[in-house]
file model_23.txt (compact mmCIF, C-alpha atoms)
# COMPACT_ATOMS: atom_id res chain seq x y z
CA MET H 439 86.55 100.88 98.11
CA SER H 440 85.46 97.30 97.54
CA ALA H 441 83.90 95.29 100.36
CA HIS H 442 87.22 93.48 100.74
CA GLY H 443 89.38 96.59 100.66
CA PRO H 444 91.17 95.69 103.91
CA LEU H 445 92.21 92.36 102.37
CA VAL H 446 93.70 94.13 99.35
CA GLN H 447 95.46 96.54 101.73
CA LEU H 448 96.78 93.61 103.76
CA HIS H 449 98.21 92.00 100.63
CA ASP H 450 99.96 95.21 99.61
CA LEU H 451 101.26 95.76 103.13
CA ASP H 452 102.64 92.21 103.28
CA LEU H 453 104.34 92.83 99.94
CA LEU H 454 105.96 95.97 101.36
CA MET H 455 107.02 94.20 104.56
CA GLU H 456 108.55 91.32 102.60
CA GLU H 457 110.46 93.82 100.47
CA ILE H 458 111.97 95.67 103.40
CA GLN H 459 112.81 92.42 105.21
CA ALA H 460 114.71 90.97 102.24
CA PRO H 461 118.35 91.99 102.88
CA GLU H 462 119.17 92.66 99.22
CA ALA H 463 116.04 94.76 98.55
CA ARG H 464 116.44 96.57 101.87
CA GLY H 465 120.04 97.41 101.00
CA ARG H 466 119.00 98.81 97.62
CA LEU H 467 116.34 101.02 99.22
CA LYS H 468 118.84 102.35 101.74
CA ARG H 469 121.37 103.07 99.01
CA LEU H 470 118.68 105.03 97.16
CA GLY H 471 118.36 107.20 100.26
CA PHE H 472 115.14 105.94 101.81
CA PRO H 473 115.25 105.55 105.60
CA LEU H 474 113.46 102.43 106.92
CA GLU H 475 112.85 103.13 110.57
CA GLY H 476 109.15 102.69 111.21
CA GLU H 477 108.72 98.92 110.91
CA ALA H 478 106.87 98.78 114.23
CA GLN H 479 104.26 101.10 112.71
CA LEU H 480 103.72 98.64 109.88
CA ASN H 481 103.25 95.77 112.33
CA LYS H 482 100.61 97.79 114.17
CA ALA H 483 98.85 98.64 110.92
CA ARG H 484 98.89 94.97 109.95
CA ALA H 485 97.34 93.96 113.26
CA ARG H 486 94.59 96.56 112.76
CA LEU H 487 93.86 95.30 109.26
CA THR H 488 93.72 91.63 110.23
CA ALA H 489 91.30 92.48 113.04
CA ALA H 490 89.00 94.15 110.50
CA ILE H 491 88.91 91.21 108.08
CA ASP H 492 86.33 88.44 108.25
CA ARG H 493 87.82 85.28 109.77
CA ARG H 494 86.84 83.17 106.76
CA TRP H 495 88.80 85.42 104.41
CA MET H 496 91.77 85.52 106.80
CA THR H 497 91.90 81.72 106.87
CA LEU H 498 91.88 81.61 103.06
CA TYR H 499 94.50 84.38 102.93
CA ASP H 500 96.87 82.77 105.43
CA ARG H 501 96.55 79.36 103.81
CA ALA H 502 97.24 80.64 100.29
CA ARG H 503 100.08 82.87 101.50
CA GLY H 504 101.72 80.00 103.36
CA ARG H 505 101.47 77.83 100.29
CA TYR H 506 102.37 80.22 97.48
CA GLY H 507 103.92 83.31 99.06
CA ARG H 508 101.30 85.64 97.61
CA ALA H 509 97.70 85.01 98.54
CA ILE H 510 95.85 87.33 96.16
CA VAL H 511 96.29 87.34 92.41
CA ARG H 512 94.74 89.33 89.62
CA VAL H 513 92.31 87.89 87.08
CA ARG H 514 92.95 88.81 83.47
CA ASP H 515 90.71 87.70 80.60
CA ARG H 516 89.06 85.19 82.96
CA VAL H 517 92.45 83.58 83.70
CA CYS H 518 93.78 83.26 87.27
CA LEU H 519 97.27 84.80 87.11
CA GLY H 520 98.36 82.49 89.95
CA CYS H 521 97.81 79.10 88.33
CA PHE H 522 96.87 80.28 84.80
CA VAL H 523 93.70 78.20 84.71
CA THR H 524 90.71 79.70 82.88
CA LEU H 525 87.92 80.30 85.37
CA PRO H 526 84.49 78.78 84.79
CA THR H 527 81.85 81.24 83.58
CA SER H 528 79.97 80.77 86.85
CA VAL H 529 82.81 82.54 88.68
CA GLN H 530 82.49 86.27 88.12
CA PRO H 531 82.17 89.40 90.22
CA PRO H 532 78.80 91.09 90.64
CA PRO H 533 78.49 93.99 88.14
CA ALA H 534 77.90 96.46 90.96
CA GLU H 535 81.21 95.57 92.60
CA PRO H 536 83.71 95.08 89.78
CA HIS H 537 86.69 94.78 92.13
CA GLN H 538 85.09 92.12 94.33
CA LEU H 539 87.25 89.21 95.44
CA GLY H 540 86.67 85.52 94.73
CA VAL H 541 88.52 82.26 95.18
CA CYS H 542 90.18 80.22 92.43
CA GLU H 543 88.72 76.72 92.45
CA SER H 544 91.94 75.36 91.01
CA CYS H 545 94.64 76.80 93.30
CA SER H 546 92.59 78.36 96.15
CA ARG H 547 94.29 81.72 95.77
CA ILE H 548 92.09 84.74 96.32
CA LEU H 549 91.16 86.39 93.04
CA TYR H 550 91.19 90.14 92.46
CA TRP H 551 89.12 91.21 89.48
CA GLY H 552 91.29 94.18 88.63
CA MET A 1023 113.04 96.60 84.44
CA THR A 1024 115.17 97.81 81.58
CA VAL A 1025 115.76 101.48 80.95
CA ALA A 1026 114.19 101.09 77.52
CA ALA A 1027 110.93 99.98 79.09
CA ILE A 1028 110.63 102.99 81.37
CA PRO A 1029 109.44 105.62 78.88
CA SER A 1030 106.24 103.59 78.39
CA ALA A 1031 105.38 104.51 81.96
CA PHE A 1032 105.28 108.19 80.99
CA ASP A 1033 102.22 109.91 79.70
CA LEU A 1034 101.25 113.54 79.25
CA ALA A 1035 98.10 112.89 81.29
CA HIS A 1036 100.22 111.92 84.29
CA CYS A 1037 101.69 115.30 85.08
CA ILE A 1038 100.43 117.94 87.46
CA PRO A 1039 102.33 121.12 86.51
CA ASP A 1040 101.04 123.23 89.40
CA LEU A 1041 100.11 121.18 92.44
CA LYS A 1042 97.92 123.17 94.85
CA PRO A 1043 97.96 121.26 98.19
CA LYS A 1044 100.61 122.28 100.70
CA ARG A 1045 100.34 119.14 102.81
CA ARG A 1046 101.82 115.76 101.94
CA ASP A 1047 98.67 113.67 102.39
CA ALA A 1048 96.54 115.95 100.23
CA ALA A 1049 99.27 116.10 97.58
CA LEU A 1050 99.50 112.30 97.47
CA ALA A 1051 95.70 112.08 97.18
CA GLU A 1052 95.82 114.35 94.15
CA LEU A 1053 98.53 112.30 92.44
CA VAL A 1054 96.74 109.02 93.13
CA GLY A 1055 93.48 110.56 91.92
CA LEU A 1056 95.11 111.45 88.61
CA ALA A 1057 96.50 107.92 88.19
CA HIS A 1058 93.03 106.54 88.99
CA GLN A 1059 91.33 108.82 86.46
CA SER A 1060 93.77 107.78 83.76
CA GLY A 1061 93.05 104.08 84.33
CA SER A 1062 96.48 103.11 85.69
CA VAL A 1063 94.96 102.47 89.11
CA ARG A 1064 91.74 100.53 89.76
CA GLU A 1065 90.96 101.77 93.26
CA ALA A 1066 92.41 104.96 94.65
CA GLU A 1067 91.68 104.55 98.35
CA PRO A 1068 93.69 101.37 99.15
CA LEU A 1069 96.64 102.74 97.17
CA LEU A 1070 96.57 106.05 99.00
CA ASP A 1071 96.43 104.23 102.35
CA LEU A 1072 99.45 102.16 101.30
CA LEU A 1073 101.42 105.26 100.28
CA LEU A 1074 100.65 106.92 103.62
CA LEU A 1075 101.77 103.77 105.45
CA ARG A 1076 104.97 103.81 103.40
CA GLU A 1077 105.60 107.36 104.61
CA ARG A 1078 105.27 106.15 108.21
CA LEU A 1079 108.04 103.64 107.55
CA GLY A 1080 110.34 106.51 106.63
CA THR A 1081 110.01 109.64 104.55
CA THR A 1082 110.27 109.31 100.79
CA ALA A 1083 111.64 112.82 100.47
CA ILE A 1084 115.23 112.48 99.24
CA GLY A 1085 116.31 116.08 99.79
CA LYS A 1086 116.88 118.97 97.37
CA CYS A 1087 113.11 119.65 97.29
CA VAL A 1088 112.34 116.24 95.76
CA ALA A 1089 110.13 113.37 96.98
CA VAL A 1090 109.82 109.97 95.33
CA PRO A 1091 106.85 108.21 96.95
CA HIS A 1092 106.49 104.67 95.66
CA ALA A 1093 104.23 101.64 95.95
CA ARG A 1094 103.60 98.20 94.53
CA SER A 1095 99.95 97.28 94.70
CA LEU A 1096 97.23 94.99 93.41
CA THR A 1097 95.28 98.11 92.50
CA VAL A 1098 97.96 99.26 90.04
CA VAL A 1099 97.23 98.02 86.53
CA ARG A 1100 100.54 98.96 84.90
CA SER A 1101 103.83 100.60 85.88
CA GLN A 1102 103.33 104.32 85.98
CA LEU A 1103 105.20 107.45 86.91
CA VAL A 1104 103.18 110.50 87.95
CA VAL A 1105 105.09 113.78 88.04
CA ALA A 1106 103.91 116.79 90.00
CA ARG A 1107 105.43 120.21 90.46
CA SER A 1108 104.56 122.56 93.28
CA LYS A 1109 105.55 126.20 93.07
CA ARG A 1110 104.62 126.88 96.70
CA GLY A 1111 106.22 123.67 98.02
CA VAL A 1112 104.73 120.78 99.98
CA ASP A 1113 105.53 120.03 103.62
CA TRP A 1114 106.92 116.46 103.41
CA ASN A 1115 109.09 115.96 106.49
CA ALA A 1116 112.18 116.05 104.30
CA PRO A 1117 115.61 115.25 105.85
CA ASP A 1118 116.91 118.72 104.88
CA GLY A 1119 113.70 120.42 106.03
CA GLN A 1120 113.05 121.92 102.60
CA PRO A 1121 109.51 122.02 101.17
CA ILE A 1122 109.03 119.65 98.24
CA GLN A 1123 108.70 121.16 94.77
CA LEU A 1124 109.05 118.07 92.64
CA ILE A 1125 107.20 114.79 93.29
CA LEU A 1126 107.81 111.64 91.28
CA LEU A 1127 105.21 109.00 92.21
CA VAL A 1128 106.45 105.56 91.19
CA LEU A 1129 103.75 102.89 90.88
CA SER A 1130 104.22 99.23 90.03
CA PRO A 1131 101.67 96.40 89.81
CA ALA A 1132 101.81 93.66 92.46
CA GLU A 1133 103.19 91.18 89.91
CA ALA A 1134 106.39 93.23 89.54
CA THR A 1135 109.41 91.67 91.23
CA ASP A 1136 111.43 93.51 93.91
CA ALA A 1137 114.19 94.05 91.35
CA ALA A 1138 111.83 95.40 88.67
CA HIS A 1139 110.05 97.76 91.03
CA GLN A 1140 113.27 99.00 92.58
CA GLY A 1141 114.88 99.36 89.14
CA PHE A 1142 112.04 101.67 88.12
CA LEU A 1143 112.38 103.53 91.42
CA ALA A 1144 116.17 103.82 91.05
CA ARG A 1145 115.77 105.37 87.60
CA ALA A 1146 113.38 108.00 88.93
CA VAL A 1147 115.71 108.77 91.85
CA ALA A 1148 118.72 109.00 89.52
CA VAL A 1149 116.92 111.52 87.33
CA ALA A 1150 115.87 113.62 90.34
CA ARG A 1151 119.33 113.63 91.97
CA LEU A 1152 120.97 115.62 89.18
CA GLN A 1153 120.61 119.33 89.71
CA ARG A 1154 120.38 120.09 85.98
CA ASN A 1155 117.54 117.58 85.60
CA ARG A 1156 115.61 119.07 88.50
CA GLN A 1157 116.06 122.53 87.04
CA LYS A 1158 114.83 121.37 83.62
CA LEU A 1159 111.67 119.97 85.18
CA LEU A 1160 111.09 122.97 87.42
CA ASP A 1161 111.61 125.44 84.58
CA ALA A 1162 109.63 123.56 81.92
CA PRO A 1163 106.41 125.12 80.63
CA SER A 1164 103.42 123.09 81.87
CA PHE A 1165 102.80 121.25 78.62
CA GLU A 1166 106.45 120.24 78.27
CA ILE A 1167 107.03 118.48 81.62
CA ALA A 1168 106.16 115.00 80.33
CA GLN A 1169 108.34 115.54 77.26
CA ARG A 1170 111.29 116.72 79.41
CA MET A 1171 110.89 113.73 81.73
CA ARG A 1172 110.84 111.39 78.75
CA GLU A 1173 114.07 112.94 77.46
CA LEU A 1174 115.74 112.65 80.86
CA VAL A 1175 115.08 108.93 81.33
CA SER A 1176 115.84 107.88 77.76

call {"tool": "encode", "arguments": {"input": "model_23.txt", "output": "structure tokens"}}
result
Amino acid sequence: MSAHGPLVQLHDLDLLMEEIQAPEARGRLKRLGFPLEGEAQLNKARARLTAAIDRRWMTLYDRARGRYGRAIVRVRDRVCLGCFVTLPTSVQPPPAEPHQLGVCESCSRILYWG
Amino acid sequence: MTVAAIPSAFDLAHCIPDLKPKRRDAALAELVGLAHQSGSVREAEPLLDLLLLRERLGTTAIGKCVAVPHARSLTVVRSQLVVARSKRGVDWNAPDGQPIQLILLVLSPAEATDAAHQGFLARAVAVARLQRNRQKLLDAPSFEIAQRMRELVS
């Protein structure tokens, strides 16, 4: 797992929590036959993840999430898929950690080099 | 997601015709591992953790020996369905108490909307709900599972 694995997990968990809290999406899941009873478990898992993440990254995450809804976006062909600005060549992940995270200088979203 | 787009999520490499693990967590690890090996998933570990968390929210077993675990994640590169068949059955905490023989793992990238992800999920569930479809998948020779699945969703 990358050094920022908990941050990626937090993003995915927030995505799941948003989905089950949206009435329309929640209704669809229930109609498909999926029980949604363990929300308290997800809250506990979220608290554990946020405690494991460096405060600097959490600040960036919370700020970007508050502003855009989703804090982490993928990079494709050196383009930030949040603001669609081409990243400068100086911004790149270290070769040893290809899934490392970075920050978009244009929109301040966290970048996932996936 | 449109029905026409779904077959692109099927691939012969994404089928496990004879799943060995008898426990849910190990079975999920095997399915995620296959998706990772095929390049549909960048990192297996965060995705597996997410799927296990999803199970704590409520079981993804839908009864009749079928489970449809699902996740939307940054680590998923493209929408993908991974099909696994277990002759011995997997203990999945199903509502009817039956061991799971057919697993349809539905994966969507984080960019997918709620509607797109759930549309993909709904299609997989619809296929698995029909008894004749389940029987076709359970009876298929190993090398024909992907082909049968493709026929069922198209």

call {"tool": "interface_residues", "arguments": {"input": "model_23.txt", "of": "chain A", "to": "chain H", "cutoff": "8 Å", "atoms": "only C-alpha atoms", "output": "PyMOL selection string"}}
result
chain A and resi 1064-1069+1071-1072+1075+1078-1084+1094-1097+1099+1132+1136-1137+1140+1144+1147

call {"tool": "atom_distance", "arguments": {"input": "model_23.txt", "atom1": "CA of Pro1091 in chain A", "atom2": "CA of Trp1114 in chain A"}}
result
10.5 Å

call {"tool": "residues_around", "arguments": {"input": "model_23.txt", "residues": "Ile1167 in chain A", "least_positions_apart": "2", "cutoff": "12 Å", "atoms": "only C-alpha atoms", "output": "PyMOL selection string"}}
result
chain A and resi 1032-1040+1104-1107+1124+1126+1155-1165+1169-1174

call {"tool": "atom_distance", "arguments": {"input": "model_23.txt", "atom1": "CA of Ala1049 in chain A", "atom2": "CA of Ala489 in chain H"}}
result
29.3 Å

call {"tool": "atom_distance", "arguments": {"input": "model_23.txt", "atom1": "CA of Ala1116 in chain A", "atom2": "CA of Ser1060 in chain A"}}
result
28.8 Å

call {"tool": "closest_residue", "arguments": {"input": "model_23.txt", "among": "A:Arg1076, A:Lys1086, A:Arg1100, A:Lys1044", "to": "Gly1061 in chain A", "atoms": "only C-alpha atoms"}}
result
A:Arg1100

call {"tool": "closest_residue", "arguments": {"input": "model_23.txt", "among": "H:Ile491, H:Val513, H:Ile548, H:Leu498", "to": "Leu525 in chain H", "atoms": "only C-alpha atoms"}}
result
H:Val513

call {"tool": "residues_around", "arguments": {"input": "model_23.txt", "residues": "Gly1111 in chain A", "least_positions_apart": "2", "cutoff": "9 Å", "atoms": "all atoms listed in the file", "output": "NGL selection string"}}
result
:A and (1041-1045 or 1087 or 1107-1109 or 1113 or 1120-1124)

call {"tool": "axis_aligned_box", "arguments": {"input": "model_23.txt", "around": "range 489-507 of chain H", "padding_each_side": "3 Å", "output": "AutoDock Vina command-line options"}}
result
--center_x 95.1 --center_y 86.0 --center_z 105.3 --size_x 23.6 --size_y 22.3 --size_z 21.6

call {"tool": "closest_residue", "arguments": {"input": "model_23.txt", "among": "H:Ala509, H:Cys542, H:Tyr499, H:Arg514", "to": "Pro526 in chain H", "atoms": "all atoms listed in the file"}}
result
H:Cys542

call {"tool": "closest_residue", "arguments": {"input": "model_23.txt", "among": "H:Cys545, H:Thr488, H:Gln538, H:Gly465", "to": "Asp500 in chain H", "atoms": "only C-alpha atoms"}}
result
H:Thr488

call {"tool": "closest_residue", "arguments": {"input": "model_23.txt", "among": "H:Val529, H:Arg505, H:Asp452, H:Ser544", "to": "Asn481 in chain H", "atoms": "all atoms listed in the file"}}
result
H:Asp452
